[in-house]
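> Just passing along the structure, written as structure tokens.
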Amino acid sequence: MATKKGKRPTIQDVARESGVSYGTVSRVINSHPEVAPETRARVQRVIKKMGYQRNLGAQMLTTHQSNIIEIIVMDVHFGIELPRMGQFVNEAGYSTLYSECTLADFGLTLDKAAARLVDGIILYAPKLQMADDDLLAMSHGIPIVRRDYVIDSKLTWVGYSQEHATRLAVQHLIDQGHERIAEITGSLGFINPRLRHDTWLSILTSQGLEPGPSYAGDYSTFSKAMKTGYDGVCEFLKRGESFTAITVVNDHAAMGALSALHEHGLRVPDDVSVVGFDDDAIAPYLIPPLTTVRFDFDIQNKLASQFLLEQITDPNYTHHQHVLIPDLIVRKSVQPPR
């Protein structure tokens with residue numbers, strides 16, 4: 001049975017054409033397991049033939065669910081990581097919506113998410129330090145997972161241990177014989193740079209070493225990170241600081257640092273050793289290839305998505321936190337000081 005020309009086919013049209021009930025078509029559309037394989041195949045053929053698309057607006061009004069996960073990013077631009085974050089919830093049958101905000105409009109962003117009836121939120125807010133009760137009150141009861149290392153929170157989050165990451169980088173340089181280790185980091189208002197800075201200081205002082213110079217910049221975008229690395233080296237040299245090694249907030253900042261060192265006639269690793277963070281795709285192709293601490297963001301994104309889907313579907317869900325441990329990837333940007 002065909003629909004009238006120009007009329008959008010309905011679920012009832014699909015049911016009549018397939019010779020099954022409305023409920024059976026609904027179960028097929030929603031991938032319910034209790035449908036005979038031959039019936040499922042017949043309904044799917046009719047859906048394709050008629051060009052049927054479910055009315056999401058009506059579904060939302062009926063079920064108060066949208067099959068939409070919102071990814072909210074605060075104070076940074078996430079760039080190429082966004083598709084990876086969305087892929088895992090997409091594979092589970094959800095659509096993704098992406099929002100960027102600052103702390104000033106965070107509440108409004110959550111209000112809009114509630115108005116859209118999104119089923120859950122993945123929050124990447126590496127600067128946000130907010131009490132759990134306040135965050136829960138603002139999120140209107142929407143399941144939420146933070147893709148951050150927020151050790152003071154009892155809500156669900158997944159993140160890499162910044163203390164362990166810093167220990168890997170700094171101890172590797174100390175083991176190579178470096179005693180004057182500089183630091184180029186991100187704004188200390190961000191959670192990760194603050195933890196790394198404090199750990200850098202602690203390791204050096206605990207081993208009787210005087211901390212080298214420190215520079216804090218902006219790493220919220222790739223271009224700003226590269227400028228931070230470049231400006232940090234230039235500032236050290238302008239001040240006449242002494243150092244034989246540098247830890248740099250991420251690999252894009254390390255790229256800027258390498259450029260500045262080269263411009264000033266300093267060779268890496270002969271004159272200065274450099275360690276980055278992330279193990280970005282560019283790291284092996286820098287000159288020299290960059291020693292760096294590896295954060296596997298695919299694992300972090302997958303776990304954040306998995307925990308959110310569990311929270312959405314499990315009425316007995318219990319919040320938990322998941323600490324990831326990074327690895328040191330040794331390449332050619334580090335050697336003992338001359």
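Chain labels run A, B, ... following the order of the structure tokens; each chain numbers its residues from 1, and ligands are numbered from 1 in the order shown.
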Report as a ChimeraX atom specification: the residues of stretch 42-279 of chain A with a DSSP assignment of strand (DSSP E or B), based on the backbone of this structure.

/A:68-74,95-101,120-124,144-146,157-160,181-186,214-217,245-248,273-278

> Go ahead and write the selection's residues with C-alpha atoms as an mmCIF file, in the first residue's frame.


```cif
data_model
loop_
_atom_site.group_PDB
_atom_site.id
_atom_site.type_symbol
_atom_site.label_atom_id
_atom_site.label_comp_id
_atom_site.auth_asym_id
_atom_site.auth_seq_id
_atom_site.Cartn_x
_atom_site.Cartn_y
_atom_site.Cartn_z
ATOM 1 C CA ILE A 68 20.765 12.566 21.662
ATOM 2 C CA ILE A 69 23.956 12.891 23.693
ATOM 3 C CA GLU A 70 25.317 16.403 24.096
ATOM 4 C CA ILE A 71 29.067 16.962 24.287
ATOM 5 C CA ILE A 72 29.754 20.185 26.150
ATOM 6 C CA VAL A 73 33.235 21.672 25.988
ATOM 7 C CA MET A 74 34.124 24.565 28.286
ATOM 8 C CA SER A 95 23.090 11.132 17.799
ATOM 9 C CA THR A 96 25.528 13.720 19.136
ATOM 10 C CA LEU A 97 25.237 17.440 19.638
ATOM 11 C CA TYR A 98 28.271 19.636 20.297
ATOM 12 C CA SER A 99 28.296 22.833 22.359
ATOM 13 C CA GLU A 100 31.095 25.147 23.441
ATOM 14 C CA CYS A 101 30.719 27.494 26.377
ATOM 15 C CA GLY A 120 22.961 12.545 28.620
ATOM 16 C CA ILE A 121 25.942 14.892 28.691
ATOM 17 C CA ILE A 122 29.666 14.310 28.286
ATOM 18 C CA LEU A 123 31.359 17.317 29.850
ATOM 19 C CA TYR A 124 34.928 18.311 29.001
ATOM 20 C CA ILE A 144 26.430 13.535 33.142
ATOM 21 C CA VAL A 145 29.994 12.229 32.903
ATOM 22 C CA ARG A 146 33.079 14.414 33.093
ATOM 23 C CA TRP A 157 34.559 10.948 35.587
ATOM 24 C CA VAL A 158 37.417 9.455 33.617
ATOM 25 C CA GLY A 159 40.830 11.060 33.291
ATOM 26 C CA TYR A 160 44.575 10.546 33.207
ATOM 27 C CA ILE A 181 64.760 21.369 34.395
ATOM 28 C CA ALA A 182 62.495 24.133 33.100
ATOM 29 C CA GLU A 183 58.741 23.969 32.642
ATOM 30 C CA ILE A 184 56.425 25.428 30.012
ATOM 31 C CA THR A 185 52.867 24.794 31.123
ATOM 32 C CA GLY A 186 49.324 26.002 30.580
ATOM 33 C CA SER A 214 58.625 28.173 34.667
ATOM 34 C CA TYR A 215 56.365 29.773 32.071
ATOM 35 C CA ALA A 216 52.558 29.504 32.024
ATOM 36 C CA GLY A 217 50.680 30.255 28.808
ATOM 37 C CA ALA A 245 65.848 20.377 29.751
ATOM 38 C CA ILE A 246 62.214 21.474 29.425
ATOM 39 C CA THR A 247 58.895 19.746 30.053
ATOM 40 C CA VAL A 248 56.231 21.257 27.784
ATOM 41 C CA SER A 273 66.329 18.113 25.986
ATOM 42 C CA VAL A 274 62.564 18.411 25.512
ATOM 43 C CA VAL A 275 59.661 16.254 26.747
ATOM 44 C CA GLY A 276 56.045 16.822 25.700
ATOM 45 C CA PHE A 277 52.659 15.438 26.721
ATOM 46 C CA ASP A 278 49.894 13.684 24.712
#
```

> Pick out the residues sitting within 9 Å of A:Met85, and hand them over as a PyMOL selection string; count only C-alpha atoms, and ignore anything fewer than 6 positions along from it in its own chain.

chain A and resi 71+122+297-298+300-302+304-305

> Could you take the residues named above and write them with all heavy atoms, as a PDB file, in the first residue's frame?


```
ATOM      1  N   ILE A  71      27.678  16.813  23.853  1.00  0.00           N
ATOM      2  CA  ILE A  71      29.067  16.962  24.287  1.00  0.00           C
ATOM      3  C   ILE A  71      29.293  18.444  24.539  1.00  0.00           C
ATOM      4  O   ILE A  71      29.190  19.261  23.620  1.00  0.00           O
ATOM      5  CB  ILE A  71      30.045  16.437  23.218  1.00  0.00           C
ATOM      6  CG1 ILE A  71      29.807  14.949  22.959  1.00  0.00           C
ATOM      7  CG2 ILE A  71      31.484  16.677  23.652  1.00  0.00           C
ATOM      8  CD1 ILE A  71      30.537  14.411  21.740  1.00  0.00           C
ATOM      9  N   ILE A 122      28.243  14.497  28.031  1.00  0.00           N
ATOM     10  CA  ILE A 122      29.666  14.310  28.286  1.00  0.00           C
ATOM     11  C   ILE A 122      30.257  15.707  28.419  1.00  0.00           C
ATOM     12  O   ILE A 122      30.167  16.519  27.500  1.00  0.00           O
ATOM     13  CB  ILE A 122      30.359  13.535  27.156  1.00  0.00           C
ATOM     14  CG1 ILE A 122      29.799  12.110  27.051  1.00  0.00           C
ATOM     15  CG2 ILE A 122      31.865  13.492  27.391  1.00  0.00           C
ATOM     16  CD1 ILE A 122      30.349  11.326  25.872  1.00  0.00           C
ATOM     17  N   PHE A 297      43.620   9.118  24.108  1.00  0.00           N
ATOM     18  CA  PHE A 297      42.329   9.796  24.232  1.00  0.00           C
ATOM     19  C   PHE A 297      41.182   8.941  23.705  1.00  0.00           C
ATOM     20  O   PHE A 297      40.036   9.131  24.118  1.00  0.00           O
ATOM     21  CB  PHE A 297      42.368  11.146  23.522  1.00  0.00           C
ATOM     22  CG  PHE A 297      43.308  12.124  24.171  1.00  0.00           C
ATOM     23  CD1 PHE A 297      44.315  12.740  23.440  1.00  0.00           C
ATOM     24  CD2 PHE A 297      43.193  12.425  25.518  1.00  0.00           C
ATOM     25  CE1 PHE A 297      45.177  13.638  24.038  1.00  0.00           C
ATOM     26  CE2 PHE A 297      44.058  13.318  26.133  1.00  0.00           C
ATOM     27  CZ  PHE A 297      45.060  13.934  25.389  1.00  0.00           C
ATOM     28  N   ASP A 298      41.461   8.006  22.804  1.00  0.00           N
ATOM     29  CA  ASP A 298      40.395   7.112  22.342  1.00  0.00           C
ATOM     30  C   ASP A 298      39.865   6.276  23.506  1.00  0.00           C
ATOM     31  O   ASP A 298      38.651   6.073  23.639  1.00  0.00           O
ATOM     32  CB  ASP A 298      40.908   6.188  21.227  1.00  0.00           C
ATOM     33  CG  ASP A 298      40.892   6.869  19.869  1.00  0.00           C
ATOM     34  OD1 ASP A 298      40.272   7.947  19.755  1.00  0.00           O
ATOM     35  OD2 ASP A 298      41.493   6.329  18.925  1.00  0.00           O
ATOM     36  N   GLN A 300      40.016   7.117  26.689  1.00  0.00           N
ATOM     37  CA  GLN A 300      39.315   8.034  27.583  1.00  0.00           C
ATOM     38  C   GLN A 300      37.915   8.362  27.057  1.00  0.00           C
ATOM     39  O   GLN A 300      36.936   8.342  27.802  1.00  0.00           O
ATOM     40  CB  GLN A 300      40.127   9.322  27.744  1.00  0.00           C
ATOM     41  CG  GLN A 300      39.577  10.271  28.807  1.00  0.00           C
ATOM     42  CD  GLN A 300      40.468  11.483  29.011  1.00  0.00           C
ATOM     43  OE1 GLN A 300      41.417  11.715  28.267  1.00  0.00           O
ATOM     44  NE2 GLN A 300      40.163  12.271  30.015  1.00  0.00           N
ATOM     45  N   ASN A 301      37.823   8.649  25.754  1.00  0.00           N
ATOM     46  CA  ASN A 301      36.524   8.959  25.151  1.00  0.00           C
ATOM     47  C   ASN A 301      35.581   7.762  25.205  1.00  0.00           C
ATOM     48  O   ASN A 301      34.384   7.906  25.486  1.00  0.00           O
ATOM     49  CB  ASN A 301      36.717   9.402  23.702  1.00  0.00           C
ATOM     50  CG  ASN A 301      37.465  10.713  23.591  1.00  0.00           C
ATOM     51  OD1 ASN A 301      37.443  11.529  24.498  1.00  0.00           O
ATOM     52  ND2 ASN A 301      38.142  10.918  22.475  1.00  0.00           N
ATOM     53  N   LYS A 302      36.123   6.577  24.921  1.00  0.00           N
ATOM     54  CA  LYS A 302      35.292   5.375  24.919  1.00  0.00           C
ATOM     55  C   LYS A 302      34.739   5.096  26.305  1.00  0.00           C
ATOM     56  O   LYS A 302      33.550   4.770  26.462  1.00  0.00           O
ATOM     57  CB  LYS A 302      36.102   4.184  24.417  1.00  0.00           C
ATOM     58  CG  LYS A 302      35.289   2.893  24.288  1.00  0.00           C
ATOM     59  CD  LYS A 302      36.122   1.788  23.660  1.00  0.00           C
ATOM     60  CE  LYS A 302      35.279   0.531  23.457  1.00  0.00           C
ATOM     61  NZ  LYS A 302      36.059  -0.550  22.791  1.00  0.00           N
ATOM     62  N   ALA A 304      34.346   7.268  28.811  1.00  0.00           N
ATOM     63  CA  ALA A 304      33.382   8.310  29.183  1.00  0.00           C
ATOM     64  C   ALA A 304      32.028   8.020  28.553  1.00  0.00           C
ATOM     65  O   ALA A 304      30.979   8.145  29.202  1.00  0.00           O
ATOM     66  CB  ALA A 304      33.897   9.680  28.757  1.00  0.00           C
ATOM     67  N   SER A 305      32.033   7.609  27.289  1.00  0.00           N
ATOM     68  CA  SER A 305      30.782   7.273  26.605  1.00  0.00           C
ATOM     69  C   SER A 305      30.130   6.055  27.227  1.00  0.00           C
ATOM     70  O   SER A 305      28.913   6.030  27.454  1.00  0.00           O
ATOM     71  CB  SER A 305      31.067   7.011  25.121  1.00  0.00           C
ATOM     72  OG  SER A 305      31.669   8.130  24.502  1.00  0.00           O
TER      73      SER A 305
END
```

> Could you check which of A:Lys127, A:His320, A:His172, A:Lys238 is closest to A:Gly189, using only C-alpha atoms?

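Using only C-alpha atoms, A:Gly189 sits closest to A:Lys127.
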
> Give me, as a PDB file with N, CA and C atoms, in the first residue's frame, all polymer residues having an atom no more than 12 Å from A:Lys224, counting only C-alpha atoms and skipping those fewer than 6 positions away in the same chain.


```pdb
ATOM      1  N   VAL A  76      37.851  25.613  26.203  1.00  0.00           N
ATOM      2  CA  VAL A  76      38.848  25.175  25.231  1.00  0.00           C
ATOM      3  C   VAL A  76      38.144  24.857  23.926  1.00  0.00           C
ATOM      4  N   HIS A  77      38.946  24.753  22.865  1.00  0.00           N
ATOM      5  CA  HIS A  77      38.408  24.279  21.584  1.00  0.00           C
ATOM      6  C   HIS A  77      38.942  22.886  21.367  1.00  0.00           C
ATOM      7  N   GLY A 186      50.500  25.210  30.900  1.00  0.00           N
ATOM      8  CA  GLY A 186      49.324  26.002  30.580  1.00  0.00           C
ATOM      9  C   GLY A 186      48.940  26.878  31.758  1.00  0.00           C
ATOM     10  N   SER A 187      47.897  27.651  31.558  1.00  0.00           N
ATOM     11  CA  SER A 187      47.412  28.523  32.623  1.00  0.00           C
ATOM     12  C   SER A 187      47.170  27.715  33.895  1.00  0.00           C
ATOM     13  N   ALA A 216      53.941  29.954  32.190  1.00  0.00           N
ATOM     14  CA  ALA A 216      52.558  29.504  32.024  1.00  0.00           C
ATOM     15  C   ALA A 216      51.899  30.299  30.905  1.00  0.00           C
ATOM     16  N   GLY A 217      51.327  29.595  29.938  1.00  0.00           N
ATOM     17  CA  GLY A 217      50.680  30.255  28.808  1.00  0.00           C
ATOM     18  C   GLY A 217      49.314  29.670  28.533  1.00  0.00           C
ATOM     19  N   ASP A 218      48.862  29.818  27.295  1.00  0.00           N
ATOM     20  CA  ASP A 218      47.521  29.399  26.890  1.00  0.00           C
ATOM     21  C   ASP A 218      47.649  28.219  25.929  1.00  0.00           C
ATOM     22  N   TYR A 230      56.701  28.525  22.053  1.00  0.00           N
ATOM     23  CA  TYR A 230      57.672  29.446  21.452  1.00  0.00           C
ATOM     24  C   TYR A 230      57.986  30.594  22.408  1.00  0.00           C
ATOM     25  N   ASP A 231      56.937  31.227  22.938  1.00  0.00           N
ATOM     26  CA  ASP A 231      57.126  32.374  23.830  1.00  0.00           C
ATOM     27  C   ASP A 231      57.834  31.985  25.119  1.00  0.00           C
ATOM     28  N   GLY A 232      57.556  30.776  25.622  1.00  0.00           N
ATOM     29  CA  GLY A 232      58.194  30.339  26.853  1.00  0.00           C
ATOM     30  C   GLY A 232      59.700  30.254  26.712  1.00  0.00           C
ATOM     31  N   VAL A 249      53.828  21.597  28.018  1.00  0.00           N
ATOM     32  CA  VAL A 249      52.456  21.227  28.363  1.00  0.00           C
ATOM     33  C   VAL A 249      51.814  20.244  27.392  1.00  0.00           C
ATOM     34  N   ASN A 250      52.088  20.351  26.105  1.00  0.00           N
ATOM     35  CA  ASN A 250      51.627  19.330  25.149  1.00  0.00           C
ATOM     36  C   ASN A 250      52.535  19.362  23.925  1.00  0.00           C
ATOM     37  N   HIS A 252      52.000  20.166  20.817  1.00  0.00           N
ATOM     38  CA  HIS A 252      51.944  21.354  19.960  1.00  0.00           C
ATOM     39  C   HIS A 252      52.758  22.491  20.568  1.00  0.00           C
ATOM     40  N   ALA A 253      52.704  22.619  21.889  1.00  0.00           N
ATOM     41  CA  ALA A 253      53.565  23.600  22.545  1.00  0.00           C
ATOM     42  C   ALA A 253      55.030  23.211  22.375  1.00  0.00           C
ATOM     43  N   ALA A 254      55.326  21.912  22.414  1.00  0.00           N
ATOM     44  CA  ALA A 254      56.698  21.453  22.201  1.00  0.00           C
ATOM     45  C   ALA A 254      57.188  21.827  20.810  1.00  0.00           C
ATOM     46  N   MET A 255      56.287  21.793  19.827  1.00  0.00           N
ATOM     47  CA  MET A 255      56.660  22.195  18.474  1.00  0.00           C
ATOM     48  C   MET A 255      57.119  23.654  18.468  1.00  0.00           C
ATOM     49  N   GLY A 256      56.379  24.516  19.172  1.00  0.00           N
ATOM     50  CA  GLY A 256      56.779  25.912  19.275  1.00  0.00           C
ATOM     51  C   GLY A 256      58.094  26.080  20.004  1.00  0.00           C
TER      52      GLY A 256
END
```

> So which residues of stretch 107-298 of chain A fall under alpha helix (DSSP H) by DSSP, listed as a PyMOL selection string?

chain A and resi 107-115+132-138+162-175+191-206+222-238+251-263+297-298
